[in-house]
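Below is data.pdb, holding PDB, C-alpha atoms.
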MODEL        1
ATOM      1  CA  MET A  44      -0.842  37.874  11.632
ATOM      2  CA  GLU A  45       0.894  36.475   8.553
ATOM      3  CA  LEU A  46       2.694  33.165   8.060
ATOM      4  CA  ASN A  47       4.737  32.734   4.883
ATOM      5  CA  MET A  48       6.476  29.779   3.271
ATOM      6  CA  MET A  49       8.488  29.970   0.057
ATOM      7  CA  LEU A  50       9.308  26.872  -1.971
ATOM      8  CA  ASN A  51      10.893  26.561  -5.405
ATOM      9  CA  GLY A  52       7.739  26.951  -7.492
ATOM     10  CA  LEU A  53       5.196  27.692  -4.789
ATOM     11  CA  GLU A  54       4.385  30.357  -2.241
ATOM     12  CA  LEU A  55       2.064  29.689   0.692
ATOM     13  CA  TRP A  56       0.886  32.075   3.359
ATOM     14  CA  LYS A  57      -1.813  32.455   5.932
ATOM     15  CA  ALA A  58      -3.389  35.621   7.326
ATOM     16  CA  SER A  59      -5.743  35.919  10.281
ATOM     17  CA  GLY A  60      -6.979  38.482  12.754
ATOM     18  CA  GLY A  61      -7.652  41.202  10.191
ATOM     19  CA  PHE A  62      -5.874  41.787   6.896
ATOM     20  CA  ALA A  63      -6.320  43.820   3.714
ATOM     21  CA  ASN A  64      -4.171  44.292   0.626
ATOM     22  CA  GLU A  65      -4.152  46.671  -2.329
ATOM     23  CA  PRO A  66      -5.323  45.829  -5.868
ATOM     24  CA  HIS A  67      -2.520  44.013  -7.646
ATOM     25  CA  VAL A  68      -1.731  41.480 -10.392
ATOM     26  CA  HIS A  69       0.759  38.636 -10.745
ATOM     27  CA  ASP A  70       2.369  38.424 -14.165
ATOM     28  CA  ASP A  71       3.221  34.722 -14.055
ATOM     29  CA  TRP A  72       1.538  33.351 -10.927
ATOM     30  CA  TYR A  73      -1.787  31.667 -10.383
ATOM     31  CA  GLN A  74      -3.263  32.374  -6.958
ATOM     32  CA  ILE A  75      -5.950  30.499  -5.083
ATOM     33  CA  THR A  76      -7.459  32.165  -2.026
ATOM     34  CA  LEU A  77      -8.994  29.781   0.525
ATOM     35  CA  PRO A  78     -10.983  31.277   3.439
ATOM     36  CA  VAL A  79     -10.748  28.799   6.332
ATOM     37  CA  LYS A  80     -12.581  30.837   8.972
ATOM     38  CA  GLY A  81     -15.199  33.564   8.780
ATOM     39  CA  GLN A  82     -15.673  35.596   5.613
ATOM     40  CA  CYS A  83     -13.320  37.008   2.994
ATOM     41  CA  HIS A  84     -14.397  40.002   0.914
ATOM     42  CA  LEU A  85     -12.543  39.614  -2.386
ATOM     43  CA  VAL A  86     -12.695  41.702  -5.555
ATOM     44  CA  GLN A  87     -11.363  40.245  -8.794
ATOM     45  CA  GLU A  88     -11.543  41.914 -12.192
ATOM     46  CA  GLN A  89     -13.904  44.506 -10.600
ATOM     47  CA  GLN A  90     -16.345  41.801  -9.487
ATOM     48  CA  ALA A  91     -17.037  41.292  -5.783
ATOM     49  CA  TYR A  92     -16.974  37.813  -4.233
ATOM     50  CA  PRO A  93     -18.180  37.444  -0.617
ATOM     51  CA  LEU A  94     -16.424  34.171   0.216
ATOM     52  CA  GLN A  95     -17.309  32.024   3.207
ATOM     53  CA  ALA A  96     -15.048  29.332   4.670
ATOM     54  CA  GLY A  97     -15.037  26.429   2.222
ATOM     55  CA  LEU A  98     -15.449  28.514  -0.937
ATOM     56  CA  GLY A  99     -12.215  29.629  -2.589
ATOM     57  CA  ILE A 100     -11.392  31.580  -5.714
ATOM     58  CA  ILE A 101      -8.628  31.253  -8.291
ATOM     59  CA  ALA A 102      -6.926  34.168 -10.052
ATOM     60  CA  HIS A 103      -5.100  33.513 -13.300
ATOM     61  CA  PRO A 104      -1.961  35.471 -14.193
ATOM     62  CA  ARG A 105      -2.580  39.189 -14.894
ATOM     63  CA  MET A 106      -5.990  39.200 -13.192
ATOM     64  CA  GLU A 107      -6.309  42.167 -10.823
ATOM     65  CA  HIS A 108      -7.521  41.202  -7.349
ATOM     66  CA  PHE A 109      -7.464  42.184  -3.673
ATOM     67  CA  PHE A 110      -9.243  41.068  -0.514
ATOM     68  CA  GLU A 111      -9.994  41.940   3.098
ATOM     69  CA  ILE A 112     -10.756  39.784   6.133
ATOM     70  CA  GLY A 113     -12.017  40.765   9.579
ATOM     71  CA  SER A 114     -10.577  40.122  13.006
ATOM     72  CA  ASN A 115     -12.381  36.776  13.359
ATOM     73  CA  SER A 116     -11.464  35.440   9.925
ATOM     74  CA  ALA A 117      -8.529  33.562   8.433
ATOM     75  CA  VAL A 118      -7.425  32.798   4.883
ATOM     76  CA  ILE A 119      -4.788  30.571   3.277
ATOM     77  CA  VAL A 120      -3.313  31.694  -0.048
ATOM     78  CA  ILE A 121      -1.370  29.425  -2.402
ATOM     79  CA  LYS A 122       0.479  30.887  -5.381
ATOM     80  CA  PHE A 123       1.922  28.641  -8.090
ATOM     81  CA  ARG A 124       3.568  29.192 -11.456
ATOM     82  CA  ASN A 125       2.822  25.842 -13.076
ATOM     83  CA  LEU A 126      -0.546  24.159 -13.137
ATOM     84  CA  PRO A 127      -0.363  21.649 -10.268
ATOM     85  CA  VAL A 128      -2.455  18.915 -11.830
ATOM     86  CA  GLY A 129      -0.213  16.075 -10.770
ATOM     87  CA  ARG A 130      -2.293  13.290 -12.229
ATOM     88  CA  LEU A 131      -1.969  14.790 -15.703
ATOM     89  CA  GLU A 132       1.723  14.001 -15.477
ATOM     90  CA  ASP A 133       0.852  10.322 -15.345
ATOM     91  CA  SER A 134      -1.151  10.606 -18.545
ATOM     92  CA  ASP A 135       0.121  11.474 -21.975
ATOM     93  CA  ARG A 136      -1.981  14.577 -22.346
ATOM     94  CA  PRO A 137       0.017  17.449 -23.820
ATOM     95  CA  GLY A 138      -1.521  20.880 -23.653
ATOM     96  CA  ALA A 139      -3.621  20.158 -20.569
ATOM     97  CA  GLN A 140      -6.615  22.366 -19.902
ATOM     98  CA  THR A 141      -5.441  25.583 -18.232
ATOM     99  CA  GLU A 142      -8.791  27.130 -17.364
ATOM    100  CA  PHE A 143     -10.588  26.280 -14.129
ATOM    101  CA  ARG A 144     -13.818  27.388 -12.535
ATOM    102  CA  THR A 145     -13.352  30.756 -10.845
ATOM    103  CA  THR A 146     -14.740  29.519  -7.538
ATOM    104  CA  GLN A 147     -13.652  26.257  -5.950
ATOM    105  CA  THR A 148     -15.113  24.336  -3.013
ATOM    106  CA  PHE A 149     -12.805  22.768  -0.456
ATOM    107  CA  ASP A 150     -12.704  21.418   3.103
ATOM    108  CA  PRO A 151     -11.422  24.161   5.473
ATOM    109  CA  ALA A 152     -10.453  21.637   8.169
ATOM    110  CA  GLU A 153      -8.442  19.577   5.686
ATOM    111  CA  ILE A 154      -6.455  22.458   4.211
ATOM    112  CA  SER A 155      -5.790  23.874   7.688
ATOM    113  CA  ARG A 156      -4.446  20.511   8.826
ATOM    114  CA  LEU A 157      -2.335  20.101   5.704
ATOM    115  CA  PHE A 158      -1.001  23.647   5.928
ATOM    116  CA  ARG A 159       0.255  22.963   9.462
ATOM    117  CA  GLY A 160       2.079  19.910   8.155
ATOM    118  CA  TRP A 161       3.589  21.756   5.205
ATOM    119  CA  ASN A 162       4.658  24.594   7.463
ATOM    120  CA  ALA A 163       6.507  22.114   9.690
ATOM    121  CA  LEU A 164       9.193  22.330   7.016
ATOM    122  CA  LEU A 165      10.177  25.685   8.514
ATOM    123  CA  LEU A 166      11.136  24.007  11.785
ATOM    124  CA  ASP A 167      14.368  22.869  10.186
ATOM    125  CA  ASP A 168      17.082  25.465   9.889
ATOM    126  CA  ALA A 169      18.273  24.035   6.575
ATOM    127  CA  PRO A 170      15.665  21.690   5.067
ATOM    128  CA  GLU A 171      17.025  19.109   2.663
ATOM    129  CA  PRO A 172      16.143  19.186  -1.053
ATOM    130  CA  LEU A 173      14.306  15.857  -0.726
ATOM    131  CA  GLN A 174      12.240  17.310   2.118
ATOM    132  CA  ILE A 175      11.357  20.399   0.086
ATOM    133  CA  GLN A 176      10.476  18.346  -2.987
ATOM    134  CA  GLU A 177       8.094  16.137  -1.031
ATOM    135  CA  THR A 178       6.377  19.190   0.393
ATOM    136  CA  GLU A 179       5.990  20.697  -3.082
ATOM    137  CA  LEU A 180       4.532  17.447  -4.417
ATOM    138  CA  ALA A 181       2.103  17.319  -1.505
ATOM    139  CA  VAL A 182       0.855  20.849  -2.217
ATOM    140  CA  GLU A 183       0.651  20.197  -5.962
ATOM    141  CA  THR A 184      -1.261  16.965  -5.421
ATOM    142  CA  TYR A 185      -3.767  18.695  -3.148
ATOM    143  CA  LEU A 186      -4.297  21.508  -5.643
ATOM    144  CA  GLY A 187      -4.533  19.134  -8.576
ATOM    145  CA  ARG A 188      -7.200  17.115  -6.806
ATOM    146  CA  MET A 189      -9.188  20.192  -5.847
ATOM    147  CA  LEU A 190      -8.950  22.029  -9.177
ATOM    148  CA  THR A 191      -9.946  19.000 -11.248
ATOM    149  CA  GLY A 192     -12.651  17.809  -8.862
ATOM    150  CA  GLN A 193     -11.000  14.408  -8.455
ATOM    151  CA  PRO A 194     -11.531  12.340  -5.290
ATOM    152  CA  ASN A 195      -8.680  11.737  -2.896
ATOM    153  CA  GLU A 196      -7.716   8.347  -4.301
ATOM    154  CA  SER A 197      -4.791   7.888  -1.951
ATOM    155  CA  ASN A 198      -3.315   9.298   1.235
ATOM    156  CA  LEU A 199      -0.334  10.803  -0.577
ATOM    157  CA  THR A 200      -1.134  14.357   0.482
ATOM    158  CA  LEU A 201      -1.682  13.463   4.116
ATOM    159  CA  ALA A 202       1.327  11.187   4.200
ATOM    160  CA  THR A 203       3.749  13.795   2.906
ATOM    161  CA  ALA A 204       2.306  16.613   4.960
ATOM    162  CA  GLY A 205       4.018  15.593   8.180
ATOM    163  CA  ILE A 206       7.543  16.115   6.797
ATOM    164  CA  GLY A 207       9.032  14.417   9.854
ATOM    165  CA  VAL A 208       9.995  10.812  10.374
ATOM    166  CA  VAL A 209       7.758   7.819  10.868
ATOM    167  CA  GLY A 210       6.227   7.809  14.309
ATOM    168  CA  SER A 211       8.096   7.507  17.581
ATOM    169  CA  THR A 212       7.731   3.808  18.171
ATOM    170  CA  GLY A 213      11.391   3.257  18.901
ATOM    171  CA  SER A 214      14.294   2.854  16.527
ATOM    172  CA  GLY A 215      14.543  -0.895  16.979
ATOM    173  CA  LEU A 216      11.023  -1.438  15.688
ATOM    174  CA  VAL A 217      10.950   1.192  12.945
ATOM    175  CA  CYS A 218      14.439   0.667  11.582
ATOM    176  CA  GLY A 219      14.261  -3.083  12.017
ATOM    177  CA  GLN A 220      11.156  -3.117   9.860
ATOM    178  CA  LEU A 221      12.961  -1.137   7.172
ATOM    179  CA  GLN A 222      15.898  -3.543   7.204
ATOM    180  CA  ASN A 223      13.575  -6.546   7.012
ATOM    181  CA  LEU A 224      11.751  -4.967   4.086
ATOM    182  CA  TYR A 225      15.015  -4.359   2.267
ATOM    183  CA  GLN A 226      16.195  -7.917   2.873
ATOM    184  CA  ARG A 227      12.903  -9.341   1.611
ATOM    185  CA  THR A 228      12.951  -7.262  -1.569
ATOM    186  CA  SER A 229      16.609  -8.119  -2.193
ATOM    187  CA  SER A 230      16.136 -11.876  -1.808
ATOM    188  CA  ASN A 231      14.358 -14.453  -3.913
ATOM    189  CA  GLY A 232      11.295 -13.864  -1.798
ATOM    190  CA  GLY A 233      11.053 -10.391  -3.291
ATOM    191  CA  ALA A 234      10.369 -11.684  -6.770
ATOM    192  CA  SER A 235       6.872 -10.169  -6.702
ATOM    193  CA  ILE A 236       8.255  -6.685  -5.961
ATOM    194  CA  ASP A 237       8.569  -4.329  -8.917
ATOM    195  CA  PRO A 238      12.242  -4.729  -9.930
ATOM    196  CA  HIS A 239      12.555  -0.992 -10.543
ATOM    197  CA  LEU A 240      11.360  -0.221  -7.004
ATOM    198  CA  ARG A 241      13.773  -2.837  -5.705
ATOM    199  CA  ARG A 242      16.560  -0.937  -7.434
ATOM    200  CA  VAL A 243      15.360   2.277  -5.772
ATOM    201  CA  LEU A 244      15.716   0.636  -2.363
ATOM    202  CA  GLU A 245      19.172  -0.631  -3.316
ATOM    203  CA  TYR A 246      20.090   2.894  -4.412
ATOM    204  CA  ILE A 247      18.855   4.396  -1.129
ATOM    205  CA  HIS A 248      20.533   1.809   1.100
ATOM    206  CA  SER A 249      23.842   2.191  -0.721
ATOM    207  CA  ASP A 250      24.047   5.978  -0.396
ATOM    208  CA  TYR A 251      21.523   7.260   2.160
ATOM    209  CA  THR A 252      24.034   9.590   3.841
ATOM    210  CA  SER A 253      24.300  11.652   0.636
ATOM    211  CA  PRO A 254      21.771  14.182  -0.684
ATOM    212  CA  MET A 255      18.948  12.551  -2.659
ATOM    213  CA  ASP A 256      16.124  13.859  -4.787
ATOM    214  CA  ILE A 257      12.754  12.667  -6.049
ATOM    215  CA  GLU A 258      13.675  13.072  -9.722
ATOM    216  CA  SER A 259      16.583  10.626  -9.460
ATOM    217  CA  MET A 260      14.555   8.050  -7.535
ATOM    218  CA  ALA A 261      11.641   8.310  -9.936
ATOM    219  CA  ALA A 262      14.040   7.865 -12.868
ATOM    220  CA  VAL A 263      15.427   4.671 -11.322
ATOM    221  CA  ALA A 264      11.845   3.476 -10.800
ATOM    222  CA  HIS A 265      10.925   4.365 -14.409
ATOM    223  CA  GLN A 266       7.917   6.296 -13.067
ATOM    224  CA  SER A 267       6.694   9.868 -12.919
ATOM    225  CA  ARG A 268       7.273  11.715  -9.658
ATOM    226  CA  TYR A 269       3.622  11.379  -8.647
ATOM    227  CA  HIS A 270       3.346   7.703  -9.515
ATOM    228  CA  PHE A 271       6.647   7.005  -7.758
ATOM    229  CA  MET A 272       5.535   8.701  -4.538
ATOM    230  CA  ARG A 273       2.368   6.615  -4.478
ATOM    231  CA  SER A 274       4.056   3.305  -5.281
ATOM    232  CA  PHE A 275       6.955   3.899  -2.867
ATOM    233  CA  LYS A 276       4.601   4.602   0.017
ATOM    234  CA  ALA A 277       2.466   1.582  -0.891
ATOM    235  CA  LEU A 278       5.591  -0.600  -0.692
ATOM    236  CA  THR A 279       7.316   0.863   2.366
ATOM    237  CA  GLY A 280       4.581   2.633   4.331
ATOM    238  CA  SER A 281       6.581   5.874   4.321
ATOM    239  CA  THR A 282       7.716   8.638   2.000
ATOM    240  CA  PRO A 283      11.269   8.542   0.583
ATOM    241  CA  TYR A 284      12.383  11.318   2.941
ATOM    242  CA  GLN A 285      10.980   9.511   5.972
ATOM    243  CA  TYR A 286      12.604   6.290   4.813
ATOM    244  CA  VAL A 287      16.028   7.912   4.381
ATOM    245  CA  LEU A 288      15.759   9.678   7.727
ATOM    246  CA  ASN A 289      14.949   6.449   9.540
ATOM    247  CA  LEU A 290      17.913   4.682   7.928
ATOM    248  CA  ARG A 291      20.167   7.478   9.156
ATOM    249  CA  VAL A 292      18.783   7.197  12.668
ATOM    250  CA  GLU A 293      19.285   3.410  12.586
ATOM    251  CA  GLU A 294      22.937   3.896  11.692
ATOM    252  CA  ALA A 295      23.232   6.599  14.353
ATOM    253  CA  THR A 296      22.082   4.152  17.034
ATOM    254  CA  ARG A 297      24.724   1.679  15.871
ATOM    255  CA  ARG A 298      27.476   4.311  16.035
ATOM    256  CA  LEU A 299      26.324   5.536  19.432
ATOM    257  CA  ARG A 300      26.493   1.969  20.736
ATOM    258  CA  HIS A 301      29.734   0.830  19.161
ATOM    259  CA  THR A 302      31.917   3.927  18.701
ATOM    260  CA  THR A 303      33.114   6.840  20.799
ATOM    261  CA  ASP A 304      32.404   9.347  18.030
ATOM    262  CA  SER A 305      30.827  12.594  19.214
ATOM    263  CA  VAL A 306      27.219  13.390  18.434
ATOM    264  CA  THR A 307      28.421  16.164  16.130
ATOM    265  CA  THR A 308      30.698  13.801  14.212
ATOM    266  CA  ILE A 309      27.906  11.232  13.858
ATOM    267  CA  SER A 310      25.440  13.896  12.788
ATOM    268  CA  PHE A 311      27.526  15.277   9.931
ATOM    269  CA  GLY A 312      28.812  11.830   8.990
ATOM    270  CA  LEU A 313      25.232  10.722   8.332
ATOM    271  CA  GLY A 314      24.367  13.669   6.115
ATOM    272  CA  PHE A 315      22.412  15.862   8.532
ATOM    273  CA  SER A 316      22.811  19.551   7.763
ATOM    274  CA  ASN A 317      23.199  20.497  11.407
ATOM    275  CA  VAL A 318      23.234  18.918  14.858
ATOM    276  CA  SER A 319      19.841  20.298  15.912
ATOM    277  CA  GLN A 320      18.206  18.631  12.900
ATOM    278  CA  PHE A 321      19.844  15.341  13.914
ATOM    279  CA  TYR A 322      18.611  15.731  17.506
ATOM    280  CA  ARG A 323      15.018  16.331  16.407
ATOM    281  CA  ALA A 324      14.985  13.396  13.993
ATOM    282  CA  PHE A 325      16.630  11.042  16.479
ATOM    283  CA  GLN A 326      14.269  11.965  19.295
ATOM    284  CA  ARG A 327      11.156  11.615  17.151
ATOM    285  CA  VAL A 328      12.155   8.089  16.137
ATOM    286  CA  THR A 329      13.591   6.774  19.400
ATOM    287  CA  GLY A 330      11.825   8.886  22.020
ATOM    288  CA  VAL A 331      15.161   9.946  23.572
ATOM    289  CA  THR A 332      18.036  12.253  22.642
ATOM    290  CA  PRO A 333      21.269  10.815  21.211
ATOM    291  CA  MET A 334      23.107  11.363  24.503
ATOM    292  CA  GLU A 335      20.305   9.771  26.495
ATOM    293  CA  TYR A 336      20.419   6.808  24.142
ATOM    294  CA  ARG A 337      24.209   6.453  24.567
ATOM    295  CA  ASN A 338      23.976   6.723  28.341
ATOM    296  CA  GLN A 339      21.437   3.872  28.389
ATOM    297  CA  MET A 340      23.981   1.488  26.850
TER     298      MET A 340
ENDMDL
END
If you took the structure in this file and wrote it as structure tokens, what would it be?
Amino acid sequence: MELNMMLNGLELWKASGGFANEPHVHDDWYQITLPVKGQCHLVQEQQAYPLQAGLGIIAHPRMEHFFEIGSNSAVIVIKFRNLPVGRLEDSDRPGAQTEFRTTQTFDPAEISRLFRGWNALLLDDAPEPLQIQETELAVETYLGRMLTGQPNESNLTLATAGIGVVGSTGSGLVCGQLQNLYQRTSSNGGASIDPHLRRVLEYIHSDYTSPMDIESMAAVAHQSRYHFMRSFKALTGSTPYQYVLNLRVEEATRRLRHTTDSVTTISFGLGFSNVSQFYRAFQRVTGVTPMEYRNQM
């Protein structure tokens, strides 16, 4: 069985229940092979590596490699074109080190859990650019931490893995908290808040029905993408995508209560790419479907 996910600069897939490929090379891709169950018999540059779960191996571009797993084994493979050492972006280190140890240790349970979260992206028929970007940053942050041997200093990877919205505690509570946060940061009481992050919130609240991207938000915050993701979550308790999605659901509840607009009209008016995406987001936040919510009024 194979499970594939393609992102802009990343390719992720998982194989289990028996798999073997032919010797091959990637001209411009790095590849890290992570056995998460059983054993993986891998050959790289004519050297054999019997890999157990928790011991991975990295192939640099133009390195010949192939592997085989048995029926009771599973492996996750991540291919990337650019070195995903996210923390180096926060430092002024040009020409970062591009060579890593051939073998890498990792936590099989952690990567399996994260992979499930990243793969949740495929549940949406047309994922938004902001959603894709957060997933890419999550994968890059995980790889950067593993390849450089750095500890998990924050929960950024875990936080962005879920891809969905914040909890299902009811729109009144979740969205009300967001509105209160915005009001606090926009008032005199928000003087201690980073003014650049305050401007990011103002930017989001003024145009959250339109497509947004991490690069633009990070530019407003005067931060790198990685630093921005950490500081935004520290301030709001959610990722930018989750924050935007909850604002849209909050406005959807208002329109369902106070207008006769159809669910389809509300969905597209709030920037959702399709009605099914709107239904899933709305139900995860409120616990009910849009029509159930309207009928309760």
Using all atoms of region 317-326 of chain A that appear in the file, construct an axis-aligned enclosing box with 6 Å of padding on every side and provide its centre coordinates and edge lengths in Å, rounded to one decimal, as lines of an AutoDock Vina configuration file.
center_x = 18.8
center_y = 15.8
center_z = 15.4
size_x = 21.0
size_y = 21.5
size_z = 19.9
Name the residues captured by the PyMOL selection byres ((chain A and resi 61) around 12) when it is applied to the shown file; answer as a ChimeraX atom specification. /A:44-45,57-60,62-64,80-84,110-118
Residues of region 228-276 of chain A within 10 Å of region 283-295 of chain A: nearest atom pair and distance (Å, one decimal) for each, counting all atoms listed in the file, sorted by chain and number, as CSV?
residue,atom,partner,partner_atom,distance
A:Val243,CA,A:Pro283,CA,9.8
A:Leu244,CA,A:Pro283,CA,9.5
A:Ile247,CA,A:Val287,CA,7.1
A:His248,CA,A:Leu290,CA,7.9
A:Asp250,CA,A:Val287,CA,9.5
A:Tyr251,CA,A:Val287,CA,6.0
A:Thr252,CA,A:Arg291,CA,6.9
A:Ser253,CA,A:Val287,CA,9.8
A:Pro254,CA,A:Val287,CA,9.9
A:Met255,CA,A:Tyr284,CA,8.7
A:Asp256,CA,A:Tyr284,CA,9.0
A:Ile257,CA,A:Pro283,CA,8.0
A:Met260,CA,A:Pro283,CA,8.8
A:Phe271,CA,A:Pro283,CA,9.7
A:Met272,CA,A:Pro283,CA,7.7
A:Phe275,CA,A:Pro283,CA,7.2
A:Lys276,CA,A:Pro283,CA,7.8
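In this model, the gap between CA of Pro78 (chain A) and CA of Asn47 (chain A) comes to 15.9 Å.
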Using only C-alpha atoms, can you tell me which of A:His103, A:Arg124, A:Arg188, A:His270 comes closest to Phe143 (chain A)? A:His103
Explicit residue set for the PyMOL selection byres ((chain A and resi 318-320) around 10), as a PyMOL selection string: chain A and resi 166-170+306-311+315-317+321-325
Please expand the PyMOL selection byres ((chain A and resi 340) around 9) into the concrete residues it hits in this file, giving the result as an MDAnalysis selection string. chainID A and resid 299:300 336:339
Considering all atoms listed in the file, can you say which of A:Val120, A:Leu77, A:Leu190, A:Val328 comes closest to Asp150 (chain A)?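 For Asp150 (chain A), the nearest of the given residues is A:Leu77.
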Between A:Asn162, A:Leu240, A:Glu177, A:Gly312, which residue has the minimum interatomic distance to Thr279 (chain A), considering all atoms listed in the file?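 Smallest separation from Thr279 (chain A) among the options: A:Leu240.
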I'd like the interatomic distance between CA of His67 (chain A) and CA of Lys122 (chain A), to a tenth of an Å.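 These two atoms are separated by 13.7 Å.
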Which one is closest to Leu53 (chain A): A:Ala102, A:Tyr92, A:Phe123, A:Ser259? Count only C-alpha atoms.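 Of A:Ala102, A:Tyr92, A:Phe123, A:Ser259, the one nearest Leu53 (chain A) is A:Phe123, counting only C-alpha atoms.
Nearest to Thr329 (chain A) of all the residues A:Asn125, A:Thr296, A:Thr303, A:Ser274 is A:Thr296, based on all atoms listed in the file.
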